[in-house]
Amino acid sequence: MEQFDISIKDFDAIKEEHEFSDKYKKNKEVLLKEYRKKAYAPSKNKYKKAAVAAALLIVSAPVITNAATGGEFFNRIWGSAGKENIAQHTEVLYDEEKGTSCKVTYPKQEFEDTSPTKAEKLIGSSISYNPVVKKLGDTKLSVLSFVHDGNAAVAEFTLEKKGGVDALVYNKDYNETKGASFSDESTFYFNFGNYDGKIYTDLEKSSKDLLYCYYYMTNSDISSDVSLNIEEYPCTRKELAEASDAQLKKYTDKIKNSTITFPSGTQADKSVFTSKSNGTIEISPLSMKIDMKKVPGLSKEEAYDPYNAYYVSINYKDGTKYIVHEHEMEGIHSCQEETDNASYTCGTEEGGLIFVFNRLVDTDNIQSVTINNTKYKLQN
């Protein structure tokens, strides 16, 4: 039986239009199909867990329903409420039809408490509390809050349906990997402007009929307003995907497209850090954007490959570190555990790499930032 090793973030963190290394593309081609089946359609026991080295996300914090209530609000979206630290662990997924398997390494994740006083100081004035409510068939979508920094954004929303919300596929595994996805049973789809991101479902706060979700997103083109783009179908997404050409034409003629625009609030402040090689990093309490083209030692092709950002660390003035991401790089970098402390990671067409943090970062207390072997300091 043929088996391949790969880290989840190494092949599944960036958009397809970028150029990747040969090793990256080869591994991704072999494993992406298997991983997607495991992550989004784990039915009929086709793929079986062969080894798990640690527990997955466990949600266990008390709940209050007001989205704007101080510490509870901040700690659920950016803190440790409802989350448990996860050690690096490995799962082997088998494809019984092909007789092949893939060993997937899940990185370590660590969460931190967020002080409501500190959070209010860092981003309080940038959060937009302008609820947007839209009825989508039997489901009610409510966007409760939104905050952004010009590179990344976080939205809080709920989906409510009597008898059970069926628009999303979600569970603990999805929270740990690529987040919830729209289900085959869904009769609608929505996104925010041109954002790309990950939907995290608050499993403890949610119920069968009401889902609380946090959408961690990246986008480098933010205006003062945000557009909520909605598609409503005359059928389920599965029926739409499987329709014949003639039936598809009938369906598409009945698709309803709508856009709701709402204020996004003021951008959270960003600081610029630079290296001796004129590299730049933009950092806000929400995210970090790296100009990978200026990272020393990377070719033009390598700059577009997220695999080559093998060590990303924020170094605070008190000597502590926030390791945003770390993985092994053969012959260059080794580590005891792979780490991924980003809520979402995505590349840009211009060779940038954006990490949406899984905690709020106090930019005033940053001493330096390390990308691979290069130090960046606050621009004077």
# chains A, B, ... in the order shown; residues from 1 in each chain; ligands from 1

call {"tool": "residues_around", "arguments": {"residues": "range 266-282 of chain A", "least_positions_apart": "4", "cutoff": "9 Å", "atoms": "only C-alpha atoms", "output": "count of residues only"}}
result
36

call {"tool": "residues_around", "arguments": {"residues": "Tyr251 in chain A", "least_positions_apart": "4", "cutoff": "9 Å", "atoms": "only C-alpha atoms", "output": "list in words"}}
result
Tyr233, Pro234, Cys235, Leu240, Ala243, Ala246, Gln247 and Ile255 of chain A

call {"tool": "select_by_dssp", "arguments": {"residues": "range 100-186 of chain A", "states": "alpha helix (DSSP H)", "output": "PyMOL selection string"}}
result
chain A and resi 116-123+172-176

call {"tool": "residues_around", "arguments": {"residues": "Gly164 in chain A", "least_positions_apart": "5", "cutoff": "10 Å", "atoms": "only C-alpha atoms", "output": "list in words"}}
result
Thr139, Leu159, Ser207, Lys208, Asp209, Leu210 and Leu211 of chain A

call {"tool": "residues_around", "arguments": {"residues": "Ser145 in chain A", "least_positions_apart": "3", "cutoff": "9 Å", "atoms": "only C-alpha atoms", "output": "VMD selection string"}}
result
chain A and resid 67 to 68 127 to 132 154 to 157 264

call {"tool": "write_last_selection", "arguments": {"atoms": "C-alpha atoms", "output": "PDB file, in the first residue's frame"}}
result
ATOM      1  CA  ALA A  67     -22.961  39.521  21.012  1.00  0.00           C
ATOM      2  CA  ALA A  68     -21.626  42.795  22.415  1.00  0.00           C
ATOM      3  CA  ILE A 127     -16.165  46.805  15.750  1.00  0.00           C
ATOM      4  CA  SER A 128     -19.366  47.484  13.838  1.00  0.00           C
ATOM      5  CA  TYR A 129     -22.531  46.394  15.658  1.00  0.00           C
ATOM      6  CA  ASN A 130     -25.041  46.897  12.845  1.00  0.00           C
ATOM      7  CA  PRO A 131     -27.150  43.720  12.789  1.00  0.00           C
ATOM      8  CA  VAL A 132     -28.226  42.560   9.330  1.00  0.00           C
ATOM      9  CA  VAL A 154     -13.882  38.773  11.348  1.00  0.00           C
ATOM     10  CA  ALA A 155     -17.673  38.537  11.240  1.00  0.00           C
ATOM     11  CA  GLU A 156     -20.022  37.005  13.788  1.00  0.00           C
ATOM     12  CA  PHE A 157     -23.251  35.548  12.398  1.00  0.00           C
ATOM     13  CA  SER A 264     -17.907  47.976   8.249  1.00  0.00           C
TER      14      SER A 264
END

call {"tool": "closest_residue", "arguments": {"among": "A:Asp340, A:Lys135, A:Lys321, A:Thr236", "to": "Glu110 in chain A", "atoms": "only C-alpha atoms"}}
result
A:Asp340

call {"tool": "residues_around", "arguments": {"residues": "Ile199 in chain A", "least_positions_apart": "5", "cutoff": "9 Å", "atoms": "only C-alpha atoms", "output": "PyMOL selection string"}}
result
chain A and resi 174-175+178-181+213-217

call {"tool": "residues_around", "arguments": {"residues": "Glu326 in chain A", "least_positions_apart": "6", "cutoff": "9 Å", "atoms": "only C-alpha atoms", "output": "ChimeraX atom specification"}}
result
/A:107,309-313,335,337-340,372

call {"tool": "residues_around", "arguments": {"residues": "Asp225 in chain A", "least_positions_apart": "4", "cutoff": "7 Å", "atoms": "only C-alpha atoms", "output": "list in words"}}
result
Thr261, Phe262, Pro263 and Ser264 of chain A

call {"tool": "select_by_dssp", "arguments": {"residues": "range 85-326 of chain A", "states": "strand (DSSP E)", "output": "number ranges by chain"}}
result
A: 89-95, 100-106, 132-136, 139-148, 152-160, 168-169, 181-182, 188-192, 196-201, 210-218, 225-232, 256-263, 271-274, 280-283, 287-291, 311-316, 321-326

call {"tool": "write_last_selection", "arguments": {"atoms": "C-alpha atoms", "output": "mmCIF file, in the first residue's frame"}}
result
data_model
loop_
_atom_site.group_PDB
_atom_site.id
_atom_site.type_symbol
_atom_site.label_atom_id
_atom_site.label_comp_id
_atom_site.auth_asym_id
_atom_site.auth_seq_id
_atom_site.Cartn_x
_atom_site.Cartn_y
_atom_site.Cartn_z
ATOM 1 C CA HIS A 89 -1.363 14.652 16.223
ATOM 2 C CA THR A 90 -1.471 12.376 13.205
ATOM 3 C CA GLU A 91 -4.276 10.542 11.434
ATOM 4 C CA VAL A 92 -3.890 7.948 8.712
ATOM 5 C CA LEU A 93 -6.732 7.975 6.192
ATOM 6 C CA TYR A 94 -7.346 4.890 4.072
ATOM 7 C CA ASP A 95 -8.963 4.725 0.629
ATOM 8 C CA THR A 100 -3.762 3.838 -0.739
ATOM 9 C CA SER A 101 -3.478 5.887 2.412
ATOM 10 C CA CYS A 102 -2.299 9.288 3.484
ATOM 11 C CA LYS A 103 -0.836 10.206 6.839
ATOM 12 C CA VAL A 104 -1.954 13.721 7.716
ATOM 13 C CA THR A 105 -0.191 15.726 10.424
ATOM 14 C CA TYR A 106 -2.402 18.131 12.332
ATOM 15 C CA VAL A 132 -28.226 42.560 9.330
ATOM 16 C CA VAL A 133 -31.072 40.049 9.156
ATOM 17 C CA LYS A 134 -32.114 38.160 6.025
ATOM 18 C CA LYS A 135 -34.750 35.430 5.675
ATOM 19 C CA LEU A 136 -33.562 32.665 3.331
ATOM 20 C CA THR A 139 -33.534 29.843 7.573
ATOM 21 C CA LYS A 140 -32.810 33.214 9.177
ATOM 22 C CA LEU A 141 -29.315 34.665 8.682
ATOM 23 C CA SER A 142 -28.208 37.356 11.148
ATOM 24 C CA VAL A 143 -24.868 39.154 10.862
ATOM 25 C CA LEU A 144 -24.242 40.453 14.395
ATOM 26 C CA SER A 145 -20.834 42.136 14.258
ATOM 27 C CA PHE A 146 -17.951 42.896 11.919
ATOM 28 C CA VAL A 147 -14.372 44.168 12.326
ATOM 29 C CA HIS A 148 -11.511 44.582 9.859
ATOM 30 C CA ALA A 152 -8.362 40.730 7.235
ATOM 31 C CA ALA A 153 -11.800 40.699 8.834
ATOM 32 C CA VAL A 154 -13.882 38.773 11.348
ATOM 33 C CA ALA A 155 -17.673 38.537 11.240
ATOM 34 C CA GLU A 156 -20.022 37.005 13.788
ATOM 35 C CA PHE A 157 -23.251 35.548 12.398
ATOM 36 C CA THR A 158 -26.022 33.130 13.267
ATOM 37 C CA LEU A 159 -28.173 30.742 11.259
ATOM 38 C CA GLU A 160 -31.557 29.802 12.699
ATOM 39 C CA LEU A 168 -23.767 24.029 6.872
ATOM 40 C CA VAL A 169 -21.663 20.911 7.347
ATOM 41 C CA SER A 181 -18.888 24.389 4.428
ATOM 42 C CA PHE A 182 -22.254 24.835 2.760
ATOM 43 C CA PHE A 188 -28.588 29.271 -0.569
ATOM 44 C CA TYR A 189 -25.011 30.520 -0.378
ATOM 45 C CA PHE A 190 -23.506 33.765 0.902
ATOM 46 C CA ASN A 191 -20.163 35.506 1.326
ATOM 47 C CA PHE A 192 -18.802 38.902 2.290
ATOM 48 C CA ASP A 196 -12.029 34.308 1.427
ATOM 49 C CA GLY A 197 -12.022 32.585 4.782
ATOM 50 C CA LYS A 198 -12.906 29.946 7.337
ATOM 51 C CA ILE A 199 -16.180 29.527 9.220
ATOM 52 C CA TYR A 200 -15.721 28.385 12.819
ATOM 53 C CA THR A 201 -18.862 27.039 14.509
ATOM 54 C CA LEU A 210 -29.426 28.010 16.144
ATOM 55 C CA LEU A 211 -25.779 28.097 15.018
ATOM 56 C CA TYR A 212 -23.305 30.738 16.235
ATOM 57 C CA CYS A 213 -20.468 31.145 13.756
ATOM 58 C CA TYR A 214 -17.309 33.256 13.436
ATOM 59 C CA TYR A 215 -16.016 33.932 9.937
ATOM 60 C CA TYR A 216 -12.245 34.623 9.767
ATOM 61 C CA MET A 217 -11.410 36.192 6.401
ATOM 62 C CA THR A 218 -8.755 37.894 4.300
ATOM 63 C CA ASP A 225 -18.921 49.465 3.565
ATOM 64 C CA VAL A 226 -19.192 45.683 3.337
ATOM 65 C CA SER A 227 -21.391 43.798 0.894
ATOM 66 C CA LEU A 228 -23.163 40.629 1.972
ATOM 67 C CA ASN A 229 -23.664 38.703 -1.289
ATOM 68 C CA ILE A 230 -26.446 36.105 -1.316
ATOM 69 C CA GLU A 231 -27.508 33.470 -3.847
ATOM 70 C CA GLU A 232 -30.873 31.749 -3.356
ATOM 71 C CA LYS A 256 -32.030 35.073 -6.953
ATOM 72 C CA ASN A 257 -28.959 37.221 -6.366
ATOM 73 C CA SER A 258 -29.035 40.001 -3.814
ATOM 74 C CA THR A 259 -26.561 42.264 -2.057
ATOM 75 C CA ILE A 260 -26.945 43.907 1.335
ATOM 76 C CA THR A 261 -24.510 46.694 2.157
ATOM 77 C CA PHE A 262 -23.767 47.616 5.761
ATOM 78 C CA PRO A 263 -21.156 49.817 7.511
ATOM 79 C CA SER A 271 1.893 49.012 12.342
ATOM 80 C CA VAL A 272 4.620 48.455 9.742
ATOM 81 C CA PHE A 273 7.716 46.397 10.540
ATOM 82 C CA THR A 274 10.705 46.276 8.189
ATOM 83 C CA THR A 280 7.727 44.737 5.082
ATOM 84 C CA ILE A 281 5.095 43.342 7.415
ATOM 85 C CA GLU A 282 1.784 44.975 8.286
ATOM 86 C CA ILE A 283 0.466 43.990 11.724
ATOM 87 C CA SER A 287 -3.706 39.919 11.432
ATOM 88 C CA MET A 288 -0.267 39.997 9.829
ATOM 89 C CA LYS A 289 0.507 40.523 6.140
ATOM 90 C CA ILE A 290 3.996 39.545 4.930
ATOM 91 C CA ASP A 291 5.595 40.597 1.653
ATOM 92 C CA TYR A 311 8.683 29.965 11.011
ATOM 93 C CA VAL A 312 6.578 33.021 11.883
ATOM 94 C CA SER A 313 6.909 34.493 15.367
ATOM 95 C CA ILE A 314 5.888 37.706 17.120
ATOM 96 C CA ASN A 315 8.446 38.525 19.808
ATOM 97 C CA TYR A 316 7.178 40.670 22.692
ATOM 98 C CA LYS A 321 6.701 34.792 21.908
ATOM 99 C CA TYR A 322 3.546 34.218 19.933
ATOM 100 C CA ILE A 323 4.492 31.525 17.401
ATOM 101 C CA VAL A 324 1.943 32.039 14.657
ATOM 102 C CA HIS A 325 3.152 29.194 12.457
ATOM 103 C CA GLU A 326 6.022 26.678 12.433
#
